[in-house]
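model21.txt, holding compact mmCIF, C-alpha atoms:
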# COMPACT_ATOMS: atom_id res chain seq x y z
CA MET A 13 0.00 0.00 0.00
CA GLU A 14 1.35 3.40 -1.00
CA ILE A 15 1.08 6.22 1.49
CA SER A 16 1.90 9.83 0.74
CA SER A 17 2.82 12.25 3.47
CA GLU A 18 3.27 15.99 3.81
CA VAL A 19 4.50 18.09 6.69
CA LYS A 20 2.81 21.48 7.17
CA ASN A 21 3.89 23.56 10.15
CA GLU A 22 3.51 21.15 13.06
CA SER A 23 1.13 18.83 11.23
CA LEU A 24 1.79 15.57 9.47
CA ILE A 25 -0.76 14.85 6.76
CA ILE A 26 -0.93 11.23 5.68
CA LYS A 27 -2.88 9.98 2.70
CA PRO A 28 -3.26 6.29 1.87
CA ASN A 29 -3.25 6.06 -1.91
CA ALA A 30 -5.70 3.20 -1.98
CA GLN A 31 -9.41 2.63 -2.10
CA ARG A 32 -9.53 -0.05 0.56
CA ILE A 33 -8.00 -0.84 3.92
CA ASP A 34 -8.88 -4.37 4.95
CA SER A 35 -7.17 -7.30 6.65
CA SER A 36 -4.84 -7.86 3.69
CA VAL A 37 -3.22 -4.41 4.09
CA SER A 38 -4.24 -3.02 7.49
CA SER A 39 -1.09 -4.07 9.30
CA GLU A 40 1.08 -2.63 6.48
CA PHE A 41 -0.94 0.61 6.73
CA LYS A 42 -0.35 0.76 10.48
CA THR A 43 3.38 0.04 10.20
CA LYS A 44 3.91 2.67 7.49
CA VAL A 45 2.04 5.35 9.43
CA LEU A 46 3.86 4.51 12.68
CA ASP A 47 7.19 4.75 10.81
CA LEU A 48 6.23 8.30 9.79
CA LEU A 49 5.53 9.24 13.41
CA ASN A 50 9.24 9.31 14.16
CA LYS A 51 9.20 13.04 14.83
CA PRO A 52 7.15 14.84 17.47
CA TYR A 53 4.31 16.28 15.39
CA LYS A 54 1.53 18.13 17.17
CA ILE A 55 -1.19 17.11 14.74
CA LEU A 56 -1.65 13.99 12.64
CA LEU A 57 -4.26 14.22 9.88
CA ILE A 58 -5.21 11.06 8.03
CA ASP A 59 -6.76 11.89 4.68
CA PHE A 60 -9.34 9.21 3.86
CA SER A 61 -10.73 10.97 0.79
CA GLU A 62 -9.65 8.14 -1.55
CA ILE A 63 -10.85 5.36 0.74
CA GLU A 64 -14.07 3.61 -0.25
CA PHE A 65 -13.95 0.67 2.13
CA ILE A 66 -12.51 -0.20 5.54
CA ASP A 67 -13.17 -3.17 7.81
CA SER A 68 -12.64 -3.91 11.51
CA SER A 69 -8.92 -4.57 11.02
CA ALA A 70 -8.53 -1.01 9.69
CA LEU A 71 -10.36 0.29 12.76
CA GLY A 72 -7.88 -1.63 14.92
CA SER A 73 -4.96 -0.08 13.01
CA LEU A 74 -6.40 3.42 13.45
CA ILE A 75 -6.73 2.84 17.21
CA SER A 76 -3.14 1.63 17.39
CA ILE A 77 -1.98 4.76 15.49
CA LEU A 78 -4.06 6.94 17.83
CA LYS A 79 -2.37 5.35 20.86
CA SER A 80 1.07 6.14 19.42
CA ALA A 81 0.05 9.70 18.55
CA ASN A 82 -1.35 10.11 22.05
CA LEU A 83 1.97 9.03 23.58
CA GLN A 84 3.58 11.89 21.63
CA ASN A 85 0.83 14.28 22.80
CA ALA A 86 -0.26 14.66 19.19
CA SER A 87 -3.87 15.13 18.12
CA LEU A 88 -5.20 12.82 15.44
CA ALA A 89 -8.07 13.50 13.07
CA ILE A 90 -9.63 11.69 10.14
CA CYS A 91 -10.38 13.84 7.10
CA GLY A 92 -12.62 13.30 4.08
CA ALA A 93 -14.13 10.00 5.17
CA LYS A 94 -17.06 8.83 3.07
CA PHE A 95 -20.56 8.47 4.54
CA GLN A 96 -20.31 4.68 5.00
CA ILE A 97 -17.02 4.98 6.85
CA VAL A 98 -18.34 7.69 9.14
CA ASN A 99 -21.31 5.38 9.78
CA LEU A 100 -18.93 2.58 10.71
CA PHE A 101 -17.34 4.85 13.32
CA LYS A 102 -20.81 5.52 14.75
CA LEU A 103 -21.71 1.82 14.74
CA THR A 104 -18.63 0.96 16.79
CA ARG A 105 -18.77 4.10 19.02
CA LEU A 106 -15.45 5.20 17.54
CA ASN A 107 -17.08 8.50 16.55
CA LYS A 108 -16.53 9.34 20.23
CA VAL A 109 -12.82 8.57 19.87
CA PHE A 110 -11.84 10.03 16.48
CA ILE A 111 -12.42 13.60 15.34
CA VAL A 112 -13.72 13.50 11.78
CA PHE A 113 -13.54 16.48 9.41
CA GLU A 114 -15.06 17.08 6.00
CA ASP A 115 -11.58 17.52 4.51
CA VAL A 116 -7.99 18.40 5.38
CA ASP A 117 -8.63 22.16 4.98
CA GLU A 118 -11.39 22.08 7.58
CA ALA A 119 -9.15 20.16 9.99
CA GLU A 120 -6.29 22.61 9.48
CA LYS A 121 -8.59 25.58 10.18
CA PHE A 122 -9.93 23.86 13.31
CA PHE A 123 -6.47 23.25 14.77
CA MET A 124 -5.27 26.72 13.71
CA ASN A 125 -8.14 28.35 15.63
CA LYS A 126 -7.47 26.10 18.62
CA LYS A 127 -3.96 27.56 19.11
CA MET B 26 -38.58 -10.59 -8.12
CA ILE B 27 -37.46 -14.16 -8.76
CA THR B 28 -35.29 -15.72 -6.06
CA GLN B 29 -31.74 -16.00 -7.35
CA THR B 30 -28.87 -17.93 -5.80
CA ILE B 31 -25.25 -17.50 -6.81
CA ASN B 32 -22.58 -19.89 -5.52
CA PHE B 33 -18.90 -19.23 -4.88
CA SER B 34 -16.20 -21.73 -4.01
CA PHE B 35 -12.71 -20.54 -3.13
CA GLU B 36 -9.56 -21.31 -1.14
CA ASN B 37 -9.10 -20.01 2.39
CA ARG B 38 -6.76 -17.23 1.34
CA ILE B 39 -6.92 -13.78 2.90
CA ASP B 40 -6.07 -12.17 -0.47
CA LEU B 41 -9.21 -13.66 -2.05
CA ILE B 42 -11.60 -12.14 0.47
CA GLN B 43 -11.60 -8.71 -1.17
CA THR B 44 -12.50 -10.23 -4.56
CA ILE B 45 -15.40 -12.17 -3.06
CA GLY B 46 -16.58 -9.12 -1.13
CA GLU B 47 -16.48 -6.90 -4.20
CA ALA B 48 -18.30 -9.53 -6.30
CA ILE B 49 -21.06 -9.75 -3.71
CA LYS B 50 -21.34 -5.98 -3.51
CA SER B 51 -21.58 -5.72 -7.30
CA ILE B 52 -24.31 -8.37 -7.50
CA CYS B 53 -26.31 -6.77 -4.66
CA LEU B 54 -25.96 -3.35 -6.25
CA PHE B 55 -27.01 -4.66 -9.66
CA VAL B 56 -30.08 -6.45 -8.33
CA ILE B 57 -31.19 -4.26 -5.42
CA LYS B 58 -29.78 -0.92 -6.54
CA LYS B 59 -29.17 0.31 -2.99
CA GLU B 60 -25.55 1.39 -2.42
CA GLU B 61 -25.85 1.38 1.37
CA VAL B 62 -27.28 -2.16 1.53
CA ALA B 63 -24.64 -3.44 -0.90
CA PHE B 64 -21.86 -1.89 1.23
CA GLU B 65 -23.27 -3.37 4.44
CA VAL B 66 -23.59 -6.86 2.95
CA GLU B 67 -20.04 -6.67 1.53
CA LEU B 68 -18.64 -5.54 4.89
CA SER B 69 -20.47 -8.27 6.83
CA VAL B 70 -19.32 -10.99 4.42
CA ILE B 71 -15.73 -9.73 4.59
CA GLU B 72 -15.81 -9.70 8.40
CA ALA B 73 -17.23 -13.25 8.53
CA LEU B 74 -14.74 -14.60 5.95
CA THR B 75 -11.76 -12.89 7.61
CA ASN B 76 -12.70 -14.50 10.89
CA ILE B 77 -12.95 -17.94 9.27
CA VAL B 78 -9.66 -17.65 7.37
CA GLN B 79 -7.72 -16.18 10.30
CA HIS B 80 -9.12 -18.30 13.11
CA ALA B 81 -10.91 -21.41 11.89
CA PHE B 82 -8.38 -22.75 9.43
CA LEU B 83 -5.25 -21.95 11.38
CA GLU B 84 -2.31 -23.20 9.27
CA LYS B 85 -4.23 -25.35 6.78
CA LYS B 86 -3.80 -23.68 3.42
CA THR B 87 -5.78 -25.83 1.04
CA GLN B 88 -9.25 -25.82 2.53
CA THR B 89 -12.19 -24.60 0.51
CA ILE B 90 -14.90 -22.18 1.57
CA GLU B 91 -18.30 -22.32 -0.09
CA LEU B 92 -20.54 -19.29 -0.11
CA SER B 93 -24.03 -18.94 -1.50
CA LEU B 94 -25.73 -15.61 -1.97
CA THR B 95 -29.52 -15.72 -2.24
CA LEU B 96 -31.44 -12.64 -3.28
CA GLN B 97 -35.15 -12.53 -2.59
CA GLU B 98 -37.62 -9.71 -2.90
CA PHE B 99 -37.34 -8.63 0.73
CA GLU B 100 -34.23 -10.39 1.98
CA ILE B 101 -30.61 -11.19 1.20
CA GLN B 102 -29.24 -14.46 2.61
CA ILE B 103 -25.64 -15.55 2.74
CA LYS B 104 -24.59 -19.05 3.68
CA ILE B 105 -20.90 -19.73 4.27
CA SER B 106 -19.84 -23.37 4.71
CA TYR B 107 -16.41 -24.78 5.54
CA PHE B 108 -14.70 -27.75 7.15
CA SER B 109 -12.62 -27.11 10.23
CA ASP B 110 -11.80 -28.83 13.50
CA HIS B 111 -11.03 -25.45 15.00
CA VAL B 112 -14.39 -23.84 15.40
CA LYS B 113 -14.44 -20.83 17.61
CA LYS B 114 -17.66 -18.89 17.44
CA PRO B 115 -16.71 -15.22 17.37
CA VAL B 116 -18.01 -13.12 20.20
CA ALA B 117 -19.44 -9.64 19.83
CA HIS B 118 -17.63 -7.76 22.58
CA ALA B 119 -19.58 -5.11 24.38
CA LEU B 120 -18.53 -1.69 23.22
CA ASN B 121 -18.27 -0.39 26.74
CA PHE B 122 -14.87 1.25 26.42
CA ASP B 123 -14.18 4.70 27.76
CA PRO B 124 -13.50 6.87 24.67
CA LYS B 125 -11.23 9.14 26.74
CA ASP B 126 -9.09 6.28 28.03
CA ILE B 127 -7.07 6.04 24.83
CA LYS B 128 -4.35 3.67 26.02
CA ASN B 129 -6.96 1.04 26.93
CA LEU B 130 -9.07 1.25 23.79
CA PRO B 131 -9.72 -2.18 22.22
CA GLU B 132 -7.95 -2.83 18.91
CA LYS B 133 -9.82 -6.04 18.16
CA GLY B 134 -13.32 -7.43 18.55
CA PHE B 135 -15.18 -5.02 16.27
CA GLY B 136 -15.86 -7.53 13.49
CA MET B 137 -18.69 -9.42 15.14
CA VAL B 138 -20.18 -6.18 16.47
CA ILE B 139 -20.33 -4.88 12.90
CA ILE B 140 -21.93 -8.06 11.55
CA LYS B 141 -24.58 -8.11 14.28
CA GLU B 142 -25.39 -4.44 13.77
CA LEU B 143 -25.68 -4.67 9.99
CA MET B 144 -27.42 -8.04 9.60
CA ASN B 145 -30.88 -8.95 10.87
CA GLU B 146 -29.89 -12.52 11.66
CA VAL B 147 -26.53 -14.15 12.36
CA ILE B 148 -26.37 -17.90 13.01
CA TYR B 149 -23.31 -20.11 13.57
CA LYS B 150 -24.11 -23.83 13.43
CA SER B 151 -22.94 -27.27 12.35
CA GLU B 152 -24.63 -28.93 9.38
CA GLU B 153 -23.67 -32.55 8.72
CA ASP B 154 -19.89 -32.34 8.99
CA LYS B 155 -19.58 -28.68 7.99
CA ASN B 156 -19.50 -25.46 9.92
CA VAL B 157 -22.05 -22.98 8.66
CA VAL B 158 -22.48 -19.25 9.08
CA LEU B 159 -25.84 -17.83 8.03
CA LEU B 160 -26.31 -14.13 7.57
CA SER B 161 -29.54 -12.50 6.50
CA LYS B 162 -30.59 -8.94 5.91
CA LYS B 163 -34.05 -7.60 5.25
CA ILE B 164 -34.30 -5.08 2.43

Could you show the structure in this file as structure tokens?
Amino acid sequence: MEISSEVKNESLIIKPNAQRIDSSVSSEFKTKVLDLLNKPYKILLIDFSEIEFIDSSALGSLISILKSANLQNASLAICGAKFQIVNLFKLTRLNKVFIVFEDVDEAEKFFMNKK
Amino acid sequence: MITQTINFSFENRIDLIQTIGEAIKSICLFVIKKEEVAFEVELSVIEALTNIVQHAFLEKKTQTIELSLTLQEFEIQIKISYFSDHVKKPVAHALNFDPKDIKNLPEKGFGMVIIKELMNEVIYKSEEDKNVVLLSKKI
């Protein structure tokens, strides 16, 4: 799975260049994101705008990434998630764990105003 | 609508699950024309198959899984059959975690929760010498 990343100010923006994160790639996704968290970023934005499908293994990977970000005192947000994926967060109560934004711009504005 | 059943037979390989899931989604979408229902059926099938491949077969690589998809006017039924000595019925863990207690958030156990939420009926049983998972969803 290809992942692109961009550093903006104190934020790391990660975008999986794939349409699906399921059990065949979820652990690779987690490892690649965790490898990118080698510097103390304040904000980690995961851009899900290309993602059409995730399963429970992807949810597990996101939680693992959140735990690592939390250890670094970094905030994590999901951006651009499709309706079905947002629904999956609600179904599993993870909407109470992850902040979800319409897109990366909205997330950046939110964290900018929070400063 | 005429009842239609489509049968699949495939090896217990994790890399085949996506193909099966996408095929089922495409068929549901073509027949029922409801994107949300097709997504939910695909996700439930993928969760059930992942559980079987990862837990029921253990190291056996050549076992076959049979899946039948039945589309009726008001219901979709999926029957998954497989041989295995290692049957462990998955448990839907209660989602009673504290969202603020990040270090203790569960990383596993969401699969069965998802299936039970999205399907109207979920049955795990033995039939002759096979293990069977039945999923049904009203439409």

Item to check | For CA of Glu98 (chain B) and CA of Ile27 (chain B), the interatomic separation in Å (one decimal) | outcome: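 The value is 7.4 Å.
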
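For the residues A:Asn99, A:Ser76, A:Ser87, A:Thr43, ranking by smallest atom-to-atom distance to chain B using all atoms listed in the file places A:Ser76 first.
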
Checklist entry - Of the candidates B:Ile140, B:Ile103, B:Ile90, B:Val66, which one gets nearest to Thr30 (chain B) if we count only C-alpha atoms? => result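 Checking each of B:Ile140, B:Ile103, B:Ile90, B:Val66 against Thr30 (chain B), counting only C-alpha atoms, the winner is B:Ile103.
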
Item to check | Residue nearest Ala117 (chain B) among A:Asp67, A:Thr104, A:Lys121, A:Ile55 (counting only C-alpha atoms) | outcome: A:Thr104

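Closest approach to chain B among A:Ser17, A:Ser38, A:Asn29, A:Ile75: A:Ile75, based on all atoms listed in the file.
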
Using only C-alpha atoms, find each residue of chain A with at least one atom at most 10 Å away from an atom of chain B; report its shortest atom-to-atom pair and that distance in Å (one decimal), sort the rows by chain and rising residue number, and return the result as a tab-separated table.
residue	atom	partner	partner_atom	distance
A:Arg32	CA	B:Gln43	CA	9.1
A:Asp34	CA	B:Gln43	CA	8.0
A:Ser35	CA	B:Thr75	CA	7.3
A:Ser36	CA	B:Asp40	CA	6.1
A:Val37	CA	B:Asp40	CA	9.4
A:Glu64	CA	B:Phe64	CA	9.7
A:Phe65	CA	B:Leu68	CA	8.3
A:Ile66	CA	B:Leu68	CA	8.2
A:Asp67	CA	B:Leu68	CA	6.6
A:Ser68	CA	B:Gly136	CA	5.2
A:Ser69	CA	B:Lys133	CA	7.3
A:Ala70	CA	B:Glu132	CA	9.4
A:Leu71	CA	B:Glu132	CA	7.3
A:Gly72	CA	B:Glu132	CA	4.2
A:Ser73	CA	B:Glu132	CA	7.2
A:Leu74	CA	B:Glu132	CA	8.4
A:Ile75	CA	B:Glu132	CA	6.0
A:Ser76	CA	B:Glu132	CA	6.7
A:Leu78	CA	B:Ile127	CA	7.7
A:Lys79	CA	B:Lys128	CA	5.8
A:Ser80	CA	B:Lys128	CA	8.9
A:Asn82	CA	B:Ile127	CA	7.6
A:Leu83	CA	B:Lys128	CA	8.6
A:Phe95	CA	B:Glu61	CA	9.4
A:Gln96	CA	B:Glu61	CA	7.4
A:Leu100	CA	B:Ile139	CA	7.9
A:Leu103	CA	B:Ile139	CA	7.1
A:Thr104	CA	B:Phe135	CA	6.9
A:Arg105	CA	B:Leu120	CA	7.2
A:Leu106	CA	B:Pro124	CA	7.6
A:Asn107	CA	B:Pro124	CA	9.0
A:Lys108	CA	B:Pro124	CA	5.9
A:Val109	CA	B:Pro124	CA	5.1
A:Phe110	CA	B:Pro124	CA	8.9

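Within 9 Å of Ala89 (chain A), once all atoms listed in the file are used and residues closer than 5 positions along the same chain are dropped, the contacting residues are Ile55, Leu56, Leu57, Ile58, Asp59, Phe110, Ile111, Val112, Phe113 and Ala119 of chain A.
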
Checklist entry - How far is it from CA of Phe60 (chain A) to CA of Gly92 (chain A), in Å with one decimal? => result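 One can read the CA of Phe60 (chain A) to CA of Gly92 (chain A) distance as 5.2 Å.
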
Next on the checklist: As an exercise, work out the distance from CA of Ile97 (chain A) to CA of Ile49 (chain B) in Å and give it to one decimal place.
Outcome noted: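 It comes out at 18.6 Å.
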
Next on the checklist: For a quick check of understanding, using all atoms listed in the file, which of B:Gln88, B:Asn76, B:Gln102, B:Thr95 has the smallest distance to Val147 (chain B)?
Outcome noted: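 Of all the options, B:Gln102 lies closest to Val147 (chain B).
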
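Proximity to region 150-158 of chain B at 9 Å, evaluated using all atoms listed in the file and with sequence-adjacent residues fewer than 4 positions away removed, yields Ala73, Ile103, Lys104, Ile105, Ser106, Tyr107, Phe108, Ser109 and Val112 of chain B.
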
Let me see the file: selected residues, C-alpha atoms, as a compact mmCIF listing (two decimals), keeping the file's coordinate frame.
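Below is the file out27.txt, written as the result:
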# COMPACT_ATOMS: atom_id res chain seq x y z
CA ALA B 73 -17.23 -13.25 8.53
CA ILE B 103 -25.64 -15.55 2.74
CA LYS B 104 -24.59 -19.05 3.68
CA ILE B 105 -20.90 -19.73 4.27
CA SER B 106 -19.84 -23.37 4.71
CA TYR B 107 -16.41 -24.78 5.54
CA PHE B 108 -14.70 -27.75 7.15
CA SER B 109 -12.62 -27.11 10.23
CA VAL B 112 -14.39 -23.84 15.40

Checklist entry - Which neighbours of Ala63 (chain B) fall inside 9 Å, counting all atoms listed in the file, when residues of the same chain fewer than 4 positions from it are skipped, and could you give them as a PyMOL selection string? => result chain B and resi 49-54+57-59+67-68

Next on the checklist: When you look at Asp47 (chain A) with a cut-off of 12 Å (counting only C-alpha atoms), what residues show up, excluding the ones that are within fewer than 3 positions of it in the same chain? I need them as a ChimeraX atom specification.
Outcome noted: /A:15,17,26,40-44,50-51,77,80-81

Item to check | Shell of 9 Å around Ser16 (chain A), all atoms listed in the file, local chain residues under 2 positions omitted, as a ChimeraX atom specification | outcome: /A:14,18,25-29

Put the listed atoms of region 71-78 of chain B in a box along x, y and z with 6 Å added on every side and give me the centre and edge lengths in Å to one decimal, as AutoDock Vina command-line options.
--center_x -13.4 --center_y -13.8 --center_z 7.7 --size_x 19.6 --size_y 20.2 --size_z 18.3
